[in-house]
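A.B. asks: So I've got this file, target.pdb, and it contains PDB, C-alpha atoms, pLDDT in the B column:
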```pdb
ATOM      1  CA  MET M   1      12.459  15.773  -2.847  1.00 40.00           C
ATOM      2  CA  ASP M   2      16.178  16.417  -2.798  1.00 42.00           C
ATOM      3  CA  ASN M   3      18.657  14.559  -5.065  1.00 44.00           C
ATOM      4  CA  GLY M   4      16.012  11.909  -5.751  1.00 49.00           C
ATOM      5  CA  ILE M   5      15.536  11.251  -2.036  1.00 55.00           C
ATOM      6  CA  THR M   6      12.207  11.942  -0.389  1.00 60.00           C
ATOM      7  CA  THR M   7      12.136  13.634   2.952  1.00 75.00           C
ATOM      8  CA  PHE M   8       9.099  13.687   5.150  1.00 82.00           C
ATOM      9  CA  ASN M   9       7.859  16.920   6.663  1.00 84.00           C
ATOM     10  CA  THR M  10       9.259  16.722  10.203  1.00 88.00           C
ATOM     11  CA  ASP M  11       6.760  19.251  11.528  1.00 90.00           C
ATOM     12  CA  ALA M  12       3.889  17.185  10.100  1.00 91.00           C
ATOM     13  CA  VAL M  13       5.281  14.003  11.695  1.00 90.00           C
ATOM     14  CA  GLN M  14       5.568  15.717  15.072  1.00 92.00           C
ATOM     15  CA  SER M  15       2.111  17.234  14.716  1.00 93.00           C
ATOM     16  CA  PHE M  16       0.632  13.810  13.935  1.00 93.00           C
ATOM     17  CA  GLN M  17       2.433  12.260  16.919  1.00 93.00           C
ATOM     18  CA  LYS M  18       1.083  15.006  19.171  1.00 94.00           C
ATOM     19  CA  PHE M  19      -2.457  14.476  17.833  1.00 94.00           C
ATOM     20  CA  ALA M  20      -2.266  10.678  18.165  1.00 93.00           C
ATOM     21  CA  GLN M  21      -0.981  10.852  21.727  1.00 92.00           C
ATOM     22  CA  HIS M  22      -3.615  13.389  22.850  1.00 92.00           C
ATOM     23  CA  PRO M  23      -6.066  11.229  24.824  1.00 84.00           C
ATOM     24  CA  PHE M  24      -9.271  13.095  23.929  1.00 93.00           C
ATOM     25  CA  LYS M  25      -8.487  13.967  20.295  1.00 94.00           C
ATOM     26  CA  PHE M  26      -7.341  10.491  19.333  1.00 94.00           C
ATOM     27  CA  SER M  27     -10.183   8.845  21.237  1.00 94.00           C
ATOM     28  CA  ALA M  28     -12.624  11.028  19.284  1.00 95.00           C
ATOM     29  CA  TYR M  29     -10.864  10.049  16.046  1.00 94.00           C
ATOM     30  CA  LEU M  30     -11.219   6.339  16.895  1.00 93.00           C
ATOM     31  CA  PHE M  31     -14.867   6.866  17.818  1.00 95.00           C
ATOM     32  CA  TRP M  32     -15.676   8.465  14.424  1.00 95.00           C
ATOM     33  CA  LYS M  33     -13.339   6.559  12.091  1.00 94.00           C
ATOM     34  CA  LEU M  34     -12.884   3.159  13.789  1.00 94.00           C
ATOM     35  CA  PRO M  35     -15.891   2.750  16.082  1.00 95.00           C
ATOM     36  CA  ALA M  36     -15.465  -1.031  16.484  1.00 95.00           C
ATOM     37  CA  ALA M  37     -11.899  -0.494  17.732  1.00 95.00           C
ATOM     38  CA  TRP M  38     -13.031   2.289  20.054  1.00 95.00           C
ATOM     39  CA  LEU M  39     -15.869   0.179  21.487  1.00 95.00           C
ATOM     40  CA  SER M  40     -13.629  -2.835  22.051  1.00 95.00           C
ATOM     41  CA  GLY M  41     -11.108  -0.686  23.919  1.00 95.00           C
ATOM     42  CA  VAL M  42      -8.229  -0.553  21.426  1.00 96.00           C
ATOM     43  CA  ARG M  43      -5.982   2.337  22.449  1.00 96.00           C
ATOM     44  CA  LEU M  44      -2.664   3.876  21.479  1.00 96.00           C
ATOM     45  CA  LYS M  45      -0.008   3.672  24.174  1.00 96.00           C
ATOM     46  CA  SER M  46       2.854   5.357  22.284  1.00 95.00           C
ATOM     47  CA  LEU M  47       3.962   6.410  18.809  1.00 95.00           C
ATOM     48  CA  GLU M  48       7.661   7.052  18.327  1.00 92.00           C
ATOM     49  CA  ALA M  49       9.930   7.279  15.272  1.00 86.00           C
ATOM     50  CA  ASP M  50      10.733   3.557  15.316  1.00 91.00           C
ATOM     51  CA  THR M  51       8.027   1.938  17.470  1.00 96.00           C
ATOM     52  CA  CYS M  52       4.266   2.014  17.884  1.00 97.00           C
ATOM     53  CA  VAL M  53       2.518   0.407  20.862  1.00 98.00           C
ATOM     54  CA  THR M  54      -1.223  -0.263  21.149  1.00 98.00           C
ATOM     55  CA  THR M  55      -3.370  -2.102  23.679  1.00 98.00           C
ATOM     56  CA  VAL M  56      -6.641  -3.994  23.802  1.00 98.00           C
ATOM     57  CA  PRO M  57      -8.262  -5.192  27.032  1.00 97.00           C
ATOM     58  CA  PHE M  58     -10.196  -8.346  27.750  1.00 97.00           C
ATOM     59  CA  ARG M  59     -13.672  -7.127  28.671  1.00 93.00           C
ATOM     60  CA  TRP M  60     -17.296  -7.717  27.812  1.00 93.00           C
ATOM     61  CA  LEU M  61     -17.177  -5.882  24.456  1.00 90.00           C
ATOM     62  CA  SER M  62     -13.986  -7.644  23.322  1.00 92.00           C
ATOM     63  CA  GLN M  63     -14.692 -11.166  24.597  1.00 92.00           C
ATOM     64  CA  ASN M  64     -15.330 -14.423  22.812  1.00 92.00           C
ATOM     65  CA  PRO M  65     -17.346 -17.386  24.181  1.00 94.00           C
ATOM     66  CA  PHE M  66     -14.118 -18.973  25.514  1.00 94.00           C
ATOM     67  CA  ARG M  67     -13.470 -16.262  28.123  1.00 94.00           C
ATOM     68  CA  SER M  68     -10.643 -14.549  26.257  1.00 95.00           C
ATOM     69  CA  THR M  69     -10.204 -11.612  23.884  1.00 96.00           C
ATOM     70  CA  TYR M  70     -11.839 -12.203  20.506  1.00 95.00           C
ATOM     71  CA  PHE M  71      -9.270 -12.647  17.723  1.00 96.00           C
ATOM     72  CA  ALA M  72     -10.747  -9.793  15.675  1.00 96.00           C
ATOM     73  CA  CYS M  73     -10.140  -7.368  18.550  1.00 97.00           C
ATOM     74  CA  LEU M  74      -6.546  -8.572  18.783  1.00 98.00           C
ATOM     75  CA  ALA M  75      -6.240  -8.048  15.008  1.00 98.00           C
ATOM     76  CA  MET M  76      -7.563  -4.471  15.327  1.00 97.00           C
ATOM     77  CA  ALA M  77      -4.917  -3.596  17.904  1.00 98.00           C
ATOM     78  CA  ALA M  78      -2.162  -5.249  15.856  1.00 98.00           C
ATOM     79  CA  GLU M  79      -3.255  -3.479  12.675  1.00 98.00           C
ATOM     80  CA  LEU M  80      -3.392  -0.122  14.448  1.00 97.00           C
ATOM     81  CA  SER M  81       0.212  -0.570  15.630  1.00 98.00           C
ATOM     82  CA  THR M  82       1.288  -0.758  11.977  1.00 98.00           C
ATOM     83  CA  GLY M  83      -1.356   1.440  10.353  1.00 97.00           C
ATOM     84  CA  LEU M  84      -1.095   4.490  12.564  1.00 97.00           C
ATOM     85  CA  PRO M  85       2.604   5.050  11.764  1.00 96.00           C
ATOM     86  CA  ALA M  86       1.784   4.429   8.093  1.00 96.00           C
ATOM     87  CA  MET M  87      -0.800   7.218   8.269  1.00 95.00           C
ATOM     88  CA  MET M  88       1.735   9.455   9.994  1.00 95.00           C
ATOM     89  CA  TYR M  89       4.286   9.071   7.201  1.00 94.00           C
ATOM     90  CA  VAL M  90       1.726   9.174   4.374  1.00 94.00           C
ATOM     91  CA  ARG M  91       0.264  12.417   5.733  1.00 92.00           C
ATOM     92  CA  SER M  92       3.714  13.987   6.058  1.00 92.00           C
ATOM     93  CA  ALA M  93       4.872  12.951   2.573  1.00 92.00           C
ATOM     94  CA  PRO M  94       5.498  15.654  -0.043  1.00 90.00           C
ATOM     95  CA  ARG M  95       2.930  14.046  -2.412  1.00 91.00           C
ATOM     96  CA  ARG M  96      -0.288  12.061  -1.965  1.00 93.00           C
ATOM     97  CA  VAL M  97       0.194   8.377  -1.248  1.00 93.00           C
ATOM     98  CA  SER M  98      -2.560   5.781  -1.017  1.00 95.00           C
ATOM     99  CA  MET M  99      -2.280   2.995   1.546  1.00 96.00           C
ATOM    100  CA  LEU M 100      -4.078  -0.317   1.839  1.00 97.00           C
ATOM    101  CA  VAL M 101      -3.778  -3.529   3.835  1.00 97.00           C
ATOM    102  CA  THR M 102      -3.220  -6.317   1.307  1.00 97.00           C
ATOM    103  CA  GLY M 103      -2.523  -9.239   3.603  1.00 98.00           C
ATOM    104  CA  MET M 104      -2.449 -10.473   7.153  1.00 98.00           C
ATOM    105  CA  GLU M 105      -1.109 -13.584   8.820  1.00 98.00           C
ATOM    106  CA  SER M 106      -1.504 -14.360  12.484  1.00 98.00           C
ATOM    107  CA  THR M 107      -0.404 -16.865  15.062  1.00 98.00           C
ATOM    108  CA  PHE M 108      -2.197 -17.229  18.376  1.00 97.00           C
ATOM    109  CA  VAL M 109      -0.038 -18.654  21.152  1.00 97.00           C
ATOM    110  CA  LYS M 110      -1.959 -18.159  24.392  1.00 96.00           C
ATOM    111  CA  LYS M 111      -5.426 -17.056  25.546  1.00 96.00           C
ATOM    112  CA  ALA M 112      -5.681 -13.296  26.030  1.00 96.00           C
ATOM    113  CA  THR M 113      -7.344 -12.844  29.413  1.00 96.00           C
ATOM    114  CA  GLY M 114      -6.122  -9.355  30.313  1.00 96.00           C
ATOM    115  CA  VAL M 115      -4.696  -6.333  28.529  1.00 98.00           C
ATOM    116  CA  THR M 116      -2.724  -7.340  25.443  1.00 98.00           C
ATOM    117  CA  THR M 117      -0.035  -4.878  24.352  1.00 98.00           C
ATOM    118  CA  PHE M 118       0.974  -4.901  20.672  1.00 98.00           C
ATOM    119  CA  THR M 119       4.343  -3.547  19.618  1.00 98.00           C
ATOM    120  CA  CYS M 120       5.542  -2.903  16.088  1.00 98.00           C
ATOM    121  CA  SER M 121       9.246  -2.014  16.017  1.00 97.00           C
ATOM    122  CA  GLU M 122       9.723  -2.104  12.256  1.00 96.00           C
ATOM    123  CA  LEU M 123       8.803   1.480  11.422  1.00 95.00           C
ATOM    124  CA  PRO M 124      12.091   2.165   9.576  1.00 94.00           C
ATOM    125  CA  LEU M 125      11.018  -0.539   7.059  1.00 96.00           C
ATOM    126  CA  LEU M 126       7.653   1.179   6.722  1.00 95.00           C
ATOM    127  CA  ARG M 127       9.220   4.567   6.119  1.00 94.00           C
ATOM    128  CA  ALA M 128      11.612   3.093   3.518  1.00 94.00           C
ATOM    129  CA  ALA M 129       8.726   1.489   1.597  1.00 96.00           C
ATOM    130  CA  ILE M 130       6.826   4.786   1.464  1.00 94.00           C
ATOM    131  CA  GLU M 131       9.998   6.584   0.348  1.00 93.00           C
ATOM    132  CA  ARG M 132      10.474   4.021  -2.467  1.00 93.00           C
ATOM    133  CA  ALA M 133       6.866   4.521  -3.582  1.00 93.00           C
ATOM    134  CA  LEU M 134       7.427   8.281  -3.699  1.00 91.00           C
ATOM    135  CA  ASN M 135      10.860   8.171  -5.356  1.00 90.00           C
ATOM    136  CA  ASP M 136      10.118   5.459  -7.919  1.00 89.00           C
ATOM    137  CA  ASN M 137       6.455   6.340  -8.559  1.00 87.00           C
ATOM    138  CA  SER M 138       5.699   2.651  -8.031  1.00 87.00           C
ATOM    139  CA  ALA M 139       3.513   0.519  -5.815  1.00 94.00           C
ATOM    140  CA  GLU M 140       5.494  -0.785  -2.867  1.00 96.00           C
ATOM    141  CA  THR M 141       4.589  -3.355  -0.249  1.00 97.00           C
ATOM    142  CA  VAL M 142       6.012  -4.008   3.178  1.00 98.00           C
ATOM    143  CA  THR M 143       5.131  -6.637   5.765  1.00 98.00           C
ATOM    144  CA  LEU M 144       5.373  -5.510   9.371  1.00 98.00           C
ATOM    145  CA  ARG M 145       5.286  -7.731  12.443  1.00 98.00           C
ATOM    146  CA  SER M 146       3.353  -6.781  15.534  1.00 98.00           C
ATOM    147  CA  GLU M 147       3.606  -8.895  18.667  1.00 98.00           C
ATOM    148  CA  GLY M 148       0.966  -8.923  21.361  1.00 98.00           C
ATOM    149  CA  ARG M 149       2.092  -9.679  24.911  1.00 98.00           C
ATOM    150  CA  ASP M 150       0.360  -9.833  28.279  1.00 97.00           C
ATOM    151  CA  LYS M 151       1.350  -7.852  31.386  1.00 96.00           C
ATOM    152  CA  ASP M 152       4.041 -10.447  32.181  1.00 97.00           C
ATOM    153  CA  GLY M 153       5.597 -10.151  28.718  1.00 97.00           C
ATOM    154  CA  ILE M 154       4.324 -13.539  27.570  1.00 97.00           C
ATOM    155  CA  LEU M 155       3.572 -13.742  23.848  1.00 98.00           C
ATOM    156  CA  ILE M 156      -0.164 -13.937  23.182  1.00 98.00           C
ATOM    157  CA  ALA M 157      -0.303 -13.445  19.406  1.00 98.00           C
ATOM    158  CA  SER M 158       1.879 -12.406  16.512  1.00 98.00           C
ATOM    159  CA  PHE M 159       0.641 -10.669  13.365  1.00 98.00           C
ATOM    160  CA  ALA M 160       2.330  -9.998  10.033  1.00 98.00           C
ATOM    161  CA  ILE M 161       0.427  -7.236   8.254  1.00 98.00           C
ATOM    162  CA  THR M 162       1.230  -6.374   4.638  1.00 98.00           C
ATOM    163  CA  TRP M 163       0.710  -2.796   3.500  1.00 98.00           C
ATOM    164  CA  SER M 164       0.741  -1.471  -0.048  1.00 97.00           C
ATOM    165  CA  PHE M 165       1.680   2.128  -0.839  1.00 97.00           C
ATOM    166  CA  LYS M 166       1.266   3.891  -4.173  1.00 95.00           C
ATOM    167  CA  CYS M 167       2.114   7.480  -5.067  1.00 89.00           C
ATOM    168  CA  LYS M 168      -0.822   9.312  -6.606  1.00 82.00           C
ATOM    169  CA  SER M 169      -0.019  11.452  -9.637  1.00 70.00           C
TER     170      SER M 169
END
```
Any chance you could give the structure as structure tokens?
C.D. replies:
Amino acid sequence: MDNGITTFNTDAVQSFQKFAQHPFKFSAYLFWKLPAAWLSGVRLKSLEADTCVTTVPFRWLSQNPFRSTYFACLAMAAELSTGLPAMMYVRSAPRRVSMLVTGMESTFVKKATGVTTFTCSELPLLRAAIERALNDNSAETVTLRSEGRDKDGILIASFAITWSFKCKS
């Protein structure tokens, strides 16, 4: 903390990005910590400073009876596109911060019959909420949008996921 402003450990952020983008290490992490996401094929495509992109395929383990991707599998990919960057910033914070999903809204526009790619481009809002929690010692919430699109860029589903962050004493 410097002049009341929290700074994240840049080395820790880069280390987390490297870990998350390592195909074997992150796949093993998903297998042990989020086995349902791993089994349904949810994967990280990229994790940058301002954007996180995840994917989920339509396949036997992610299908519903209507020959499309089950909504819960879409929700897992959308949540990961907001939650993984949250973990990155929480783990690189100068003090312990707890994080929890406190709400989710979704809109389904079109059947998901192939790979659906979720993009969350609101990571600066996420980082600011965690900084406020650290600087003010208060619980902070932020709602992040993640849009899922098919290979042609057509909107499949949109999620608004609300995260709560609280600095631990």
A.B. asks: What gap, in Å, lies between atom CA of M:Leu84 and atom CA of M:Lys168?
C.D. replies: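 Answer for the atom CA of M:Leu84 to atom CA of M:Lys168 separation: 19.8 Å.
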A.B. asks: Can you list what the PyMOL selection byres ((chain M and resi 162) around 7) grabs from this structure, as a ChimeraX atom specification?
C.D. replies: /M:101-104,141-144,160-161,163-164
A.B. asks: Separation of atom CA of M:Ser169 and atom CA of M:Arg96, in Å?
C.D. replies: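 Between atom CA of M:Ser169 and atom CA of M:Arg96 the gap works out to 7.7 Å.
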A.B. asks: Which is closest to M:Trp60 among M:Gly114, M:Pro23, M:Pro94, M:Pro85, if we use all atoms listed in the file?
C.D. replies: M:Gly114
A.B. asks: Please check which residues have atoms at most 8 Å from (11.8, -0.3, 17.8) in the file's coordinates, counting only C-alpha atoms, and write them as a PyMOL selection string.
C.D. replies: chain M and resi 50-52+120-123
A.B. asks: Name every residue that the PyMOL selection byres ((chain M and resi 76) around 10) selects in this structure, writing the answer as a short mmCIF file (atom, residue, chain, number, x, y, z; two decimals) with C-alpha atoms, in the coordinates of the input with chains first and numbers rising.
C.D. replies:
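To be explicit, this is the file written out as selection.cif:
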```cif
data_model
loop_
_atom_site.label_atom_id
_atom_site.label_comp_id
_atom_site.auth_asym_id
_atom_site.auth_seq_id
_atom_site.Cartn_x
_atom_site.Cartn_y
_atom_site.Cartn_z
CA LEU M 34 -12.88 3.16 13.79
CA ALA M 36 -15.46 -1.03 16.48
CA ALA M 37 -11.90 -0.49 17.73
CA TRP M 38 -13.03 2.29 20.05
CA SER M 40 -13.63 -2.84 22.05
CA VAL M 42 -8.23 -0.55 21.43
CA ARG M 43 -5.98 2.34 22.45
CA THR M 54 -1.22 -0.26 21.15
CA THR M 55 -3.37 -2.10 23.68
CA VAL M 56 -6.64 -3.99 23.80
CA PHE M 71 -9.27 -12.65 17.72
CA ALA M 72 -10.75 -9.79 15.68
CA CYS M 73 -10.14 -7.37 18.55
CA LEU M 74 -6.55 -8.57 18.78
CA ALA M 75 -6.24 -8.05 15.01
CA ALA M 77 -4.92 -3.60 17.90
CA ALA M 78 -2.16 -5.25 15.86
CA GLU M 79 -3.26 -3.48 12.68
CA LEU M 80 -3.39 -0.12 14.45
CA SER M 81 0.21 -0.57 15.63
CA GLY M 83 -1.36 1.44 10.35
#
```
A.B. asks: Where atoms are missing, can you supply N, CA and C atoms for stretch 64-97 of chain M and output the lot as a PDB file, keeping the file's coordinate frame?
C.D. replies:
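File selection_3.pdb, as written:
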```
ATOM      1  N   ASN M  64     -14.782 -13.335  23.610  1.00 92.00           N
ATOM      2  CA  ASN M  64     -15.330 -14.423  22.812  1.00 92.00           C
ATOM      3  C   ASN M  64     -16.009 -15.407  23.775  1.00 92.00           C
ATOM      4  N   PRO M  65     -16.662 -16.445  23.273  1.00 94.00           N
ATOM      5  CA  PRO M  65     -17.346 -17.386  24.181  1.00 94.00           C
ATOM      6  C   PRO M  65     -16.398 -18.234  25.043  1.00 94.00           C
ATOM      7  N   PHE M  66     -15.096 -18.141  24.802  1.00 94.00           N
ATOM      8  CA  PHE M  66     -14.118 -18.973  25.514  1.00 94.00           C
ATOM      9  C   PHE M  66     -13.407 -18.212  26.622  1.00 94.00           C
ATOM     10  N   ARG M  67     -13.985 -17.105  27.049  1.00 94.00           N
ATOM     11  CA  ARG M  67     -13.470 -16.262  28.123  1.00 94.00           C
ATOM     12  C   ARG M  67     -12.065 -15.730  27.841  1.00 94.00           C
ATOM     13  N   SER M  68     -11.883 -15.233  26.628  1.00 95.00           N
ATOM     14  CA  SER M  68     -10.643 -14.549  26.257  1.00 95.00           C
ATOM     15  C   SER M  68     -10.984 -13.478  25.222  1.00 95.00           C
ATOM     16  N   THR M  69      -9.980 -12.690  24.851  1.00 96.00           N
ATOM     17  CA  THR M  69     -10.204 -11.612  23.884  1.00 96.00           C
ATOM     18  C   THR M  69     -10.434 -12.204  22.499  1.00 96.00           C
ATOM     19  N   TYR M  70     -11.475 -11.746  21.851  1.00 95.00           N
ATOM     20  CA  TYR M  70     -11.839 -12.203  20.506  1.00 95.00           C
ATOM     21  C   TYR M  70     -10.704 -11.891  19.532  1.00 95.00           C
ATOM     22  N   PHE M  71     -10.407 -12.808  18.630  1.00 96.00           N
ATOM     23  CA  PHE M  71      -9.270 -12.647  17.723  1.00 96.00           C
ATOM     24  C   PHE M  71      -9.374 -11.388  16.862  1.00 96.00           C
ATOM     25  N   ALA M  72     -10.584 -10.993  16.504  1.00 96.00           N
ATOM     26  CA  ALA M  72     -10.747  -9.793  15.675  1.00 96.00           C
ATOM     27  C   ALA M  72     -10.336  -8.539  16.434  1.00 96.00           C
ATOM     28  N   CYS M  73     -10.562  -8.518  17.734  1.00 97.00           N
ATOM     29  CA  CYS M  73     -10.140  -7.368  18.550  1.00 97.00           C
ATOM     30  C   CYS M  73      -8.622  -7.339  18.664  1.00 97.00           C
ATOM     31  N   LEU M  74      -8.013  -8.510  18.789  1.00 98.00           N
ATOM     32  CA  LEU M  74      -6.546  -8.572  18.783  1.00 98.00           C
ATOM     33  C   LEU M  74      -6.009  -8.074  17.445  1.00 98.00           C
ATOM     34  N   ALA M  75      -6.670  -8.468  16.347  1.00 98.00           N
ATOM     35  CA  ALA M  75      -6.240  -8.048  15.008  1.00 98.00           C
ATOM     36  C   ALA M  75      -6.358  -6.529  14.844  1.00 98.00           C
ATOM     37  N   MET M  76      -7.408  -5.928  15.420  1.00 97.00           N
ATOM     38  CA  MET M  76      -7.563  -4.471  15.327  1.00 97.00           C
ATOM     39  C   MET M  76      -6.406  -3.750  16.007  1.00 97.00           C
ATOM     40  N   ALA M  77      -6.023  -4.234  17.184  1.00 98.00           N
ATOM     41  CA  ALA M  77      -4.917  -3.596  17.904  1.00 98.00           C
ATOM     42  C   ALA M  77      -3.597  -3.796  17.164  1.00 98.00           C
ATOM     43  N   ALA M  78      -3.394  -4.981  16.611  1.00 98.00           N
ATOM     44  CA  ALA M  78      -2.162  -5.249  15.856  1.00 98.00           C
ATOM     45  C   ALA M  78      -2.104  -4.378  14.604  1.00 98.00           C
ATOM     46  N   GLU M  79      -3.219  -4.287  13.893  1.00 98.00           N
ATOM     47  CA  GLU M  79      -3.255  -3.479  12.675  1.00 98.00           C
ATOM     48  C   GLU M  79      -3.022  -2.008  12.989  1.00 98.00           C
ATOM     49  N   LEU M  80      -3.589  -1.522  14.084  1.00 97.00           N
ATOM     50  CA  LEU M  80      -3.392  -0.122  14.448  1.00 97.00           C
ATOM     51  C   LEU M  80      -1.926   0.176  14.745  1.00 97.00           C
ATOM     52  N   SER M  81      -1.203  -0.801  15.318  1.00 98.00           N
ATOM     53  CA  SER M  81       0.212  -0.570  15.630  1.00 98.00           C
ATOM     54  C   SER M  81       1.073  -0.453  14.376  1.00 98.00           C
ATOM     55  N   THR M  82       0.571  -0.922  13.245  1.00 98.00           N
ATOM     56  CA  THR M  82       1.288  -0.758  11.977  1.00 98.00           C
ATOM     57  C   THR M  82       0.660   0.336  11.119  1.00 98.00           C
ATOM     58  N   GLY M  83      -0.642   0.483  11.204  1.00 97.00           N
ATOM     59  CA  GLY M  83      -1.356   1.440  10.353  1.00 97.00           C
ATOM     60  C   GLY M  83      -1.249   2.882  10.789  1.00 97.00           C
ATOM     61  N   LEU M  84      -1.200   3.113  12.093  1.00 97.00           N
ATOM     62  CA  LEU M  84      -1.095   4.490  12.564  1.00 97.00           C
ATOM     63  C   LEU M  84       0.221   5.138  12.131  1.00 97.00           C
ATOM     64  N   PRO M  85       1.364   4.448  12.278  1.00 96.00           N
ATOM     65  CA  PRO M  85       2.604   5.050  11.764  1.00 96.00           C
ATOM     66  C   PRO M  85       2.576   5.218  10.244  1.00 96.00           C
ATOM     67  N   ALA M  86       1.911   4.285   9.548  1.00 96.00           N
ATOM     68  CA  ALA M  86       1.784   4.429   8.093  1.00 96.00           C
ATOM     69  C   ALA M  86       1.037   5.714   7.761  1.00 96.00           C
ATOM     70  N   MET M  87      -0.054   5.970   8.475  1.00 95.00           N
ATOM     71  CA  MET M  87      -0.800   7.218   8.269  1.00 95.00           C
ATOM     72  C   MET M  87       0.077   8.432   8.559  1.00 95.00           C
ATOM     73  N   MET M  88       0.871   8.337   9.614  1.00 95.00           N
ATOM     74  CA  MET M  88       1.735   9.455   9.994  1.00 95.00           C
ATOM     75  C   MET M  88       2.697   9.810   8.855  1.00 95.00           C
ATOM     76  N   TYR M  89       3.332   8.802   8.276  1.00 94.00           N
ATOM     77  CA  TYR M  89       4.286   9.071   7.201  1.00 94.00           C
ATOM     78  C   TYR M  89       3.599   9.445   5.888  1.00 94.00           C
ATOM     79  N   VAL M  90       2.460   8.837   5.593  1.00 94.00           N
ATOM     80  CA  VAL M  90       1.726   9.174   4.374  1.00 94.00           C
ATOM     81  C   VAL M  90       1.247  10.629   4.432  1.00 94.00           C
ATOM     82  N   ARG M  91       0.760  11.041   5.592  1.00 92.00           N
ATOM     83  CA  ARG M  91       0.264  12.417   5.733  1.00 92.00           C
ATOM     84  C   ARG M  91       1.380  13.455   5.747  1.00 92.00           C
ATOM     85  N   SER M  92       2.596  13.036   6.037  1.00 92.00           N
ATOM     86  CA  SER M  92       3.714  13.987   6.058  1.00 92.00           C
ATOM     87  C   SER M  92       4.569  13.902   4.800  1.00 92.00           C
ATOM     88  N   ALA M  93       4.131  13.098   3.833  1.00 92.00           N
ATOM     89  CA  ALA M  93       4.872  12.951   2.573  1.00 92.00           C
ATOM     90  C   ALA M  93       4.660  14.191   1.698  1.00 92.00           C
ATOM     91  N   PRO M  94       5.618  14.472   0.818  1.00 90.00           N
ATOM     92  CA  PRO M  94       5.498  15.654  -0.043  1.00 90.00           C
ATOM     93  C   PRO M  94       4.424  15.522  -1.130  1.00 90.00           C
ATOM     94  N   ARG M  95       3.992  14.281  -1.424  1.00 91.00           N
ATOM     95  CA  ARG M  95       2.930  14.046  -2.412  1.00 91.00           C
ATOM     96  C   ARG M  95       1.926  13.064  -1.825  1.00 91.00           C
ATOM     97  N   ARG M  96       0.755  12.978  -2.439  1.00 93.00           N
ATOM     98  CA  ARG M  96      -0.288  12.061  -1.965  1.00 93.00           C
ATOM     99  C   ARG M  96       0.123  10.615  -2.198  1.00 93.00           C
ATOM    100  N   VAL M  97      -0.104   9.807  -1.186  1.00 93.00           N
ATOM    101  CA  VAL M  97       0.194   8.377  -1.248  1.00 93.00           C
ATOM    102  C   VAL M  97      -1.028   7.625  -0.737  1.00 93.00           C
TER     103      VAL M  97
END
```
